[in-house]
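Asker: Structure file upload.cif (mmCIF, C-alpha atoms) right here:
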```cif
data_structure
#
loop_
_atom_site.label_atom_id
_atom_site.label_comp_id
_atom_site.auth_asym_id
_atom_site.auth_seq_id
_atom_site.Cartn_x
_atom_site.Cartn_y
_atom_site.Cartn_z
CA MET A 211 51.75 162.05 128.40
CA GLY A 212 50.95 158.47 129.32
CA PRO A 213 51.94 155.36 127.33
CA GLN A 214 50.43 155.12 123.87
CA LEU A 215 48.94 152.16 122.05
CA GLN A 216 51.04 151.13 119.08
CA THR A 217 49.20 151.58 115.80
CA SER A 218 50.69 148.77 113.74
CA ALA A 219 48.37 145.79 113.77
CA PRO A 220 49.74 142.25 113.99
CA GLU A 221 49.78 140.21 110.82
CA LYS A 222 46.76 138.03 110.23
CA LEU A 223 47.35 134.34 110.68
CA ALA A 224 47.49 132.66 107.29
CA VAL A 225 44.77 130.14 106.61
CA GLY A 226 46.39 128.57 103.55
CA ARG A 227 43.18 128.28 101.53
CA ASN A 228 42.75 128.76 97.83
CA ALA A 229 40.24 131.10 96.21
CA THR A 230 37.48 128.51 95.95
CA ALA A 231 37.80 127.50 99.59
CA GLU A 232 37.70 131.15 100.62
CA LYS A 233 34.52 131.66 98.57
CA LEU A 234 32.90 128.77 100.40
CA LEU A 235 33.91 130.21 103.78
CA ASP A 236 32.64 133.65 102.80
CA ALA A 237 29.33 132.17 101.64
CA ALA A 238 28.84 130.27 104.91
CA SER A 239 29.63 133.40 106.93
CA GLU A 240 27.22 135.58 104.93
CA LEU A 241 24.41 133.03 105.19
CA MET A 242 24.74 132.67 108.96
CA ILE A 243 24.70 136.45 109.39
CA GLN A 244 21.67 136.86 107.10
CA ARG A 245 19.71 134.10 108.83
CA SER A 246 20.95 134.73 112.38
CA SER A 247 21.51 130.99 112.55
CA ILE A 248 24.25 128.43 112.02
CA GLU A 249 21.70 126.05 110.48
CA ILE A 250 22.82 126.15 106.84
CA SER A 251 23.09 123.29 104.36
CA LEU A 252 25.80 122.33 101.88
CA SER A 253 23.45 123.18 99.05
CA ASP A 254 22.84 126.62 100.58
CA ILE A 255 26.58 127.22 100.78
CA ALA A 256 27.15 125.97 97.24
CA GLN A 257 24.40 128.12 95.80
CA LYS A 258 25.58 131.22 97.66
CA SER A 259 29.19 130.72 96.57
CA GLY A 260 28.37 129.73 93.00
CA SER A 261 30.24 126.46 93.53
CA ASN A 262 29.42 122.76 93.66
CA ALA A 263 28.51 121.18 97.02
CA ALA A 264 31.09 118.47 96.32
CA LEU A 265 33.80 121.11 96.65
CA VAL A 266 33.00 121.43 100.35
CA LYS A 267 33.98 117.80 100.83
CA TYR A 268 37.03 118.26 98.62
CA HIS A 269 38.38 121.25 100.56
CA PHE A 270 37.06 120.60 104.09
CA GLY A 271 35.96 116.95 104.32
CA ASN A 272 32.40 117.78 105.40
CA LYS A 273 30.27 120.68 106.62
CA ASP A 274 31.68 120.53 110.14
CA GLY A 275 35.16 120.76 108.65
CA LEU A 276 34.09 123.91 106.82
CA LEU A 277 32.56 125.38 109.99
CA LEU A 278 35.74 124.63 111.93
CA ALA A 279 37.85 126.31 109.22
CA LEU A 280 35.51 129.31 109.25
CA LEU A 281 35.79 129.74 113.01
CA ALA A 282 39.58 129.36 112.83
CA ARG A 283 39.74 132.05 110.14
CA ASP A 284 37.41 134.46 111.96
CA ALA A 285 39.14 133.98 115.30
CA ALA A 286 42.73 134.14 114.00
CA THR A 287 43.21 137.89 114.12
CA GLU A 288 41.30 138.25 117.40
CA VAL A 289 43.51 135.64 119.08
CA ALA A 290 46.67 137.21 117.65
CA ASN A 291 45.56 140.54 119.06
CA LEU A 292 45.53 139.12 122.60
CA GLU A 293 49.31 138.81 122.82
CA TYR A 294 49.70 142.12 121.02
CA LEU A 295 47.46 143.91 123.51
CA LEU A 296 49.07 142.31 126.56
CA ALA A 297 52.49 143.55 125.41
CA GLN A 298 51.39 147.18 125.09
CA PRO A 299 52.84 149.75 127.55
CA LEU A 300 49.40 150.53 128.95
CA PRO A 301 47.81 150.24 132.40
CA PRO A 302 45.82 147.01 132.91
CA THR A 303 42.56 148.98 133.08
CA ALA A 304 43.20 150.49 129.64
CA LYS A 305 44.00 147.02 128.27
CA LEU A 306 40.80 145.67 129.80
CA LYS A 307 38.68 148.37 128.15
CA LEU A 308 40.34 147.78 124.77
CA HIS A 309 39.74 144.04 125.15
CA VAL A 310 36.06 144.49 126.00
CA SER A 311 35.65 146.77 122.99
CA GLY A 312 37.55 144.38 120.71
CA ILE A 313 35.53 141.33 121.74
CA ILE A 314 32.18 143.09 121.27
CA ARG A 315 33.23 144.43 117.87
CA ALA A 316 34.34 140.93 116.85
CA TYR A 317 30.91 139.57 117.77
CA HIS A 318 29.31 142.46 115.91
CA ARG A 319 31.29 141.47 112.83
CA PHE A 320 30.71 137.72 113.33
CA PRO A 321 27.45 137.43 115.35
CA TYR A 322 27.37 133.66 114.85
CA MET A 323 30.77 133.14 116.52
CA ASN A 324 29.70 131.98 119.97
CA ARG A 325 26.97 129.65 118.67
CA LEU A 326 29.52 128.16 116.29
CA ILE A 327 31.94 127.66 119.18
CA HIS A 328 29.27 125.90 121.25
CA TYR A 329 28.23 123.71 118.34
CA LEU A 330 31.79 122.62 117.55
CA LEU A 331 32.60 122.06 121.22
CA HIS A 332 29.47 120.12 122.16
CA GLU A 333 27.67 118.81 119.08
CA SER A 334 30.39 117.99 116.58
CA SER A 335 33.33 115.58 116.85
CA ALA A 336 35.86 115.25 119.65
CA GLU A 337 38.54 116.32 117.19
CA ALA A 338 36.67 119.53 116.38
CA ALA A 339 36.18 120.25 120.09
CA ASP A 340 39.90 119.78 120.72
CA GLU A 341 40.78 122.16 117.88
CA VAL A 342 38.41 124.89 119.11
CA SER A 343 39.78 124.56 122.63
CA LYS A 344 43.33 124.91 121.36
CA PHE A 345 42.96 127.85 118.98
CA PHE A 346 40.26 129.89 120.72
CA VAL A 347 39.12 128.98 124.22
CA ALA A 348 42.51 128.24 125.80
CA PRO A 349 44.27 131.37 124.47
CA LEU A 350 41.38 133.59 125.59
CA LEU A 351 41.24 132.06 129.06
CA ASP A 352 45.02 132.39 129.37
CA PHE A 353 44.83 136.03 128.31
CA HIS A 354 42.18 136.77 130.93
CA ARG A 355 44.24 135.03 133.60
CA ARG A 356 47.40 137.00 132.78
CA LEU A 357 45.60 140.34 132.42
CA ILE A 358 43.84 139.86 135.76
CA GLU A 359 47.14 138.89 137.41
CA GLU A 360 48.79 142.00 135.99
CA GLY A 361 45.94 144.18 137.21
CA VAL A 362 46.06 142.66 140.70
CA ALA A 363 49.86 143.06 140.86
CA LYS A 364 49.53 146.75 139.99
CA ASN A 365 46.69 147.25 142.50
CA GLU A 366 44.20 148.12 139.78
CA PHE A 367 42.04 144.96 139.93
CA ARG A 368 40.67 142.89 142.74
CA ALA A 369 41.31 139.16 142.38
CA VAL A 370 38.60 137.49 140.29
CA ASP A 371 38.31 134.01 138.84
CA PRO A 372 39.40 134.16 135.16
CA VAL A 373 36.98 131.37 134.23
CA LEU A 374 34.06 133.32 135.70
CA PHE A 375 35.34 136.49 134.00
CA TYR A 376 35.50 134.66 130.65
CA THR A 377 31.99 133.33 131.18
CA SER A 378 30.62 136.77 132.00
CA LEU A 379 32.24 138.65 129.12
CA ILE A 380 31.80 136.08 126.36
CA GLY A 381 28.26 135.24 127.49
CA ALA A 382 27.31 138.92 127.47
CA CYS A 383 28.73 139.37 123.98
CA ASP A 384 26.83 136.41 122.63
CA HIS A 385 23.53 137.40 124.19
CA LEU A 386 23.62 140.86 122.64
CA PHE A 387 23.17 139.16 119.27
CA PHE A 388 21.56 135.80 120.02
CA GLY A 389 19.10 137.19 122.55
CA ARG A 390 18.25 140.21 120.44
CA HIS A 391 15.52 138.30 118.59
CA ALA A 392 13.75 137.31 121.80
CA MET A 393 13.90 140.90 123.04
CA SER A 394 12.60 142.12 119.70
CA ARG A 395 9.53 139.94 120.05
CA ALA A 396 9.04 140.92 123.70
CA ILE A 397 9.61 144.69 123.65
CA GLY A 398 10.26 145.58 120.03
CA VAL A 399 13.97 146.44 120.18
CA GLY A 400 15.66 146.88 116.81
CA PRO A 401 18.72 145.19 115.26
CA VAL A 402 22.28 145.57 116.52
CA THR A 403 23.45 148.68 114.68
CA ASP A 404 26.85 150.37 114.96
CA ASP A 405 25.28 152.78 117.45
CA VAL A 406 23.89 149.93 119.56
CA CYS A 407 27.33 148.31 119.48
CA ARG A 408 28.97 151.51 120.74
CA GLN A 409 26.38 151.83 123.51
CA TYR A 410 26.94 148.21 124.54
CA ILE A 411 30.71 148.70 124.66
CA ALA A 412 30.28 151.68 127.02
CA HIS A 413 27.77 149.69 129.12
CA MET A 414 30.02 146.62 129.40
CA GLU A 415 33.10 148.70 130.18
CA ALA A 416 31.24 150.38 133.04
CA LEU A 417 29.74 147.10 134.25
CA ILE A 418 32.95 145.07 134.15
CA CYS A 419 35.23 147.81 135.44
CA GLY A 420 32.73 148.51 138.21
CA GLY A 421 33.06 144.92 139.31
CA ILE A 422 36.78 144.30 138.91
CA LEU A 423 38.52 147.58 139.77
CA GLU A 424 39.85 148.16 143.23
CA ARG A 425 37.91 150.88 145.03
CA ALA A 426 39.90 154.03 145.77
CA ASN A 427 39.68 155.66 149.21
CA GLY A 428 37.44 152.94 150.55
CA GLU A 429 34.58 153.73 148.16
#
```
Take the structure in the file and write it out as structure tokens.
Answerer:
Amino acid sequence: MGPQLQTSAPEKLAVGRNATAEKLLDAASELMIQRSSIEISLSDIAQKSGSNAALVKYHFGNKDGLLLALLARDAATEVANLEYLLAQPLPPTAKLKLHVSGIIRAYHRFPYMNRLIHYLLHESSAEAADEVSKFFVAPLLDFHRRLIEEGVAKNEFRAVDPVLFYTSLIGACDHLFFGRHAMSRAIGVGPVTDDVCRQYIAHMEALICGGILERANGE
């Protein structure tokens, strides 16, 4: 029998928020999912959470501070899982497939994630952009680099640029959700259900593995 994936999950990174702050984060998350948009107001968040809009400023400084805290919370477990997955006694190809599945499922759970990342990187403050780069983008890029290097060393992967790999995978994940509305208007496709998510995982595994794996017997 081949190596097995350990079943104990890594501990979630603590966010250090109190119950009111967590309610505000939950409200912002639910609103963005419901509206398929990150365009939500402080009054929207306050009404959804049953709190006062002034509490956003008290706990987070401003709305961008709340959005940054939300992204940090949502991304914490996913980022922790990167090191966990890399340490597993599995072939690089198996790790790659688990990573593709994990990323797509994370976007299924938090479909606003990539738009929030782009907003905080490009339309918010320099401080917010630095924070997002440190706690999300840099660890993910580093994971891709190390996984690709491991796959190349074990003759499972051909050498690919980790930045281009990151762009392909993360862009494809985002477009499944963000582009779904345009496709719905054009050809009438439905929402992203659990079944659609499973189909997309299988599609992306085949697409990515088809591009990165070394060909056996000169195929």
Asker: For CA of Leu386 in chain A and CA of Arg315 in chain A, determine how far apart the two atoms are, in Å to one decimal place.
Answerer: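 Going from CA of Leu386 in chain A over to CA of Arg315 in chain A covers 11.3 Å.
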Asker: Give me, as a list in words, all polymer residues having an atom no more than 9 Å from range 340-348 of chain A, counting all atoms listed in the file and skipping those fewer than 4 positions away in the same chain.
Answerer: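 Returned residues: Leu278, Leu281, Ala282, Ala285, Ala286, Val289, Ile327, Leu330, Leu331, Ser335, Ala336, Asp352 and Phe353 of chain A.
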Asker: May I ask which of the residues A:Glu415, A:Asp254, A:Asp404, A:Glu360 is the closest one to Leu379 in chain A, counting all atoms listed in the file?
Answerer: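 Nearest to Leu379 in chain A: A:Glu415.
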Asker: Report, in Å with one decimal, the straight-line distance from CA of Leu265 in chain A to CA of Glu288 in chain A.
Answerer: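 Computing the Euclidean distance for CA of Leu265 in chain A and CA of Glu288 in chain A yields 27.9 Å.
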Asker: If the PyMOL selection byres ((chain A and resi 307) around 12) were run on this exact file, what residues would it hold? Put them as a list in words.
Answerer: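 Residues picked by the PyMOL selection byres ((chain A and resi 307) around 12): Leu295, Leu300, Pro301, Pro302, Thr303, Ala304, Lys305, Leu306, Leu308, His309, Val310, Ser311, Gly312, Ile313, Ile314, Leu357, Leu379, Ile411, Ala412, His413, Met414, Glu415, Ala416, Leu417, Ile418, Cys419, Gly420, Ile422 and Leu423 of chain A.
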Asker: Assuming 8 Å of padding per side, give the centre and edge lengths of the axis-aligned box around every listed atom of range 330-340 of chain A, in Å to one decimal and as JSON.
Answerer:
```
{"center_x": 33.8, "center_y": 118.9, "center_z": 119.3, "size_x": 28.2, "size_y": 23.4, "size_z": 21.8}
```
Asker: Could I get range 265-287 of chain A rebuilt with N, CA, C and O atoms, written as a PDB file, in the coordinates of the input?
Answerer:
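Now in part.pdb:
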```
ATOM      1  N   LEU A 265      32.549 120.413  96.348  1.00  0.00           N
ATOM      2  CA  LEU A 265      33.800 121.110  96.650  1.00  0.00           C
ATOM      3  C   LEU A 265      33.984 121.311  98.151  1.00  0.00           C
ATOM      4  O   LEU A 265      35.106 121.469  98.624  1.00  0.00           O
ATOM      5  N   VAL A 266      32.876 121.348  98.893  1.00  0.00           N
ATOM      6  CA  VAL A 266      33.000 121.430 100.350  1.00  0.00           C
ATOM      7  C   VAL A 266      33.732 120.202 100.873  1.00  0.00           C
ATOM      8  O   VAL A 266      34.651 120.299 101.691  1.00  0.00           O
ATOM      9  N   LYS A 267      33.325 119.030 100.405  1.00  0.00           N
ATOM     10  CA  LYS A 267      33.980 117.800 100.830  1.00  0.00           C
ATOM     11  C   LYS A 267      35.425 117.744 100.357  1.00  0.00           C
ATOM     12  O   LYS A 267      36.308 117.261 101.068  1.00  0.00           O
ATOM     13  N   TYR A 268      35.672 118.276  99.160  1.00  0.00           N
ATOM     14  CA  TYR A 268      37.030 118.260  98.620  1.00  0.00           C
ATOM     15  C   TYR A 268      37.971 119.114  99.473  1.00  0.00           C
ATOM     16  O   TYR A 268      39.089 118.706  99.791  1.00  0.00           O
ATOM     17  N   HIS A 269      37.512 120.318  99.850  1.00  0.00           N
ATOM     18  CA  HIS A 269      38.380 121.250 100.560  1.00  0.00           C
ATOM     19  C   HIS A 269      38.354 121.057 102.078  1.00  0.00           C
ATOM     20  O   HIS A 269      39.364 121.310 102.750  1.00  0.00           O
ATOM     21  N   PHE A 270      37.199 120.615 102.635  1.00  0.00           N
ATOM     22  CA  PHE A 270      37.060 120.600 104.090  1.00  0.00           C
ATOM     23  C   PHE A 270      36.660 119.254 104.674  1.00  0.00           C
ATOM     24  O   PHE A 270      36.585 119.115 105.892  1.00  0.00           O
ATOM     25  N   GLY A 271      36.361 118.273 103.842  1.00  0.00           N
ATOM     26  CA  GLY A 271      35.960 116.950 104.320  1.00  0.00           C
ATOM     27  C   GLY A 271      34.473 116.816 104.503  1.00  0.00           C
ATOM     28  O   GLY A 271      33.863 115.883 104.003  1.00  0.00           O
ATOM     29  N   ASN A 272      33.849 117.764 105.199  1.00  0.00           N
ATOM     30  CA  ASN A 272      32.400 117.780 105.400  1.00  0.00           C
ATOM     31  C   ASN A 272      31.999 119.181 105.888  1.00  0.00           C
ATOM     32  O   ASN A 272      32.845 120.076 105.997  1.00  0.00           O
ATOM     33  N   LYS A 273      30.728 119.359 106.200  1.00  0.00           N
ATOM     34  CA  LYS A 273      30.270 120.680 106.620  1.00  0.00           C
ATOM     35  C   LYS A 273      30.917 121.110 107.929  1.00  0.00           C
ATOM     36  O   LYS A 273      31.281 122.284 108.109  1.00  0.00           O
ATOM     37  N   ASP A 274      31.057 120.170 108.866  1.00  0.00           N
ATOM     38  CA  ASP A 274      31.680 120.530 110.140  1.00  0.00           C
ATOM     39  C   ASP A 274      33.128 120.963 109.930  1.00  0.00           C
ATOM     40  O   ASP A 274      33.629 121.846 110.640  1.00  0.00           O
ATOM     41  N   GLY A 275      33.802 120.349 108.970  1.00  0.00           N
ATOM     42  CA  GLY A 275      35.160 120.760 108.650  1.00  0.00           C
ATOM     43  C   GLY A 275      35.195 122.187 108.128  1.00  0.00           C
ATOM     44  O   GLY A 275      36.092 122.973 108.459  1.00  0.00           O
ATOM     45  N   LEU A 276      34.192 122.541 107.319  1.00  0.00           N
ATOM     46  CA  LEU A 276      34.090 123.910 106.820  1.00  0.00           C
ATOM     47  C   LEU A 276      33.810 124.878 107.968  1.00  0.00           C
ATOM     48  O   LEU A 276      34.414 125.956 108.047  1.00  0.00           O
ATOM     49  N   LEU A 277      32.891 124.514 108.863  1.00  0.00           N
ATOM     50  CA  LEU A 277      32.560 125.380 109.990  1.00  0.00           C
ATOM     51  C   LEU A 277      33.767 125.580 110.911  1.00  0.00           C
ATOM     52  O   LEU A 277      34.002 126.687 111.419  1.00  0.00           O
ATOM     53  N   LEU A 278      34.545 124.533 111.103  1.00  0.00           N
ATOM     54  CA  LEU A 278      35.740 124.630 111.930  1.00  0.00           C
ATOM     55  C   LEU A 278      36.760 125.572 111.271  1.00  0.00           C
ATOM     56  O   LEU A 278      37.366 126.417 111.937  1.00  0.00           O
ATOM     57  N   ALA A 279      36.926 125.430 109.939  1.00  0.00           N
ATOM     58  CA  ALA A 279      37.850 126.310 109.220  1.00  0.00           C
ATOM     59  C   ALA A 279      37.377 127.753 109.253  1.00  0.00           C
ATOM     60  O   ALA A 279      38.184 128.678 109.351  1.00  0.00           O
ATOM     61  N   LEU A 280      36.065 127.962 109.184  1.00  0.00           N
ATOM     62  CA  LEU A 280      35.510 129.310 109.250  1.00  0.00           C
ATOM     63  C   LEU A 280      35.788 129.954 110.606  1.00  0.00           C
ATOM     64  O   LEU A 280      36.222 131.112 110.689  1.00  0.00           O
ATOM     65  N   LEU A 281      35.542 129.211 111.674  1.00  0.00           N
ATOM     66  CA  LEU A 281      35.790 129.740 113.010  1.00  0.00           C
ATOM     67  C   LEU A 281      37.277 130.040 113.195  1.00  0.00           C
ATOM     68  O   LEU A 281      37.641 131.086 113.760  1.00  0.00           O
ATOM     69  N   ALA A 282      38.138 129.140 112.717  1.00  0.00           N
ATOM     70  CA  ALA A 282      39.580 129.360 112.830  1.00  0.00           C
ATOM     71  C   ALA A 282      39.987 130.630 112.094  1.00  0.00           C
ATOM     72  O   ALA A 282      40.795 131.423 112.581  1.00  0.00           O
ATOM     73  N   ARG A 283      39.421 130.844 110.912  1.00  0.00           N
ATOM     74  CA  ARG A 283      39.740 132.050 110.140  1.00  0.00           C
ATOM     75  C   ARG A 283      39.241 133.310 110.839  1.00  0.00           C
ATOM     76  O   ARG A 283      39.976 134.292 110.970  1.00  0.00           O
ATOM     77  N   ASP A 284      37.996 133.273 111.314  1.00  0.00           N
ATOM     78  CA  ASP A 284      37.410 134.460 111.960  1.00  0.00           C
ATOM     79  C   ASP A 284      38.121 134.797 113.265  1.00  0.00           C
ATOM     80  O   ASP A 284      38.260 135.972 113.624  1.00  0.00           O
ATOM     81  N   ALA A 285      38.542 133.763 113.981  1.00  0.00           N
ATOM     82  CA  ALA A 285      39.140 133.980 115.300  1.00  0.00           C
ATOM     83  C   ALA A 285      40.626 134.306 115.232  1.00  0.00           C
ATOM     84  O   ALA A 285      41.188 134.811 116.209  1.00  0.00           O
ATOM     85  N   ALA A 286      41.269 134.046 114.082  1.00  0.00           N
ATOM     86  CA  ALA A 286      42.730 134.140 114.000  1.00  0.00           C
ATOM     87  C   ALA A 286      43.259 135.508 114.402  1.00  0.00           C
ATOM     88  O   ALA A 286      44.154 135.622 115.245  1.00  0.00           O
ATOM     89  N   THR A 287      42.721 136.559 113.813  1.00  0.00           N
ATOM     90  CA  THR A 287      43.210 137.890 114.120  1.00  0.00           C
ATOM     91  C   THR A 287      42.890 138.286 115.554  1.00  0.00           C
ATOM     92  O   THR A 287      43.704 138.915 116.237  1.00  0.00           O
TER      93      THR A 287
END
```
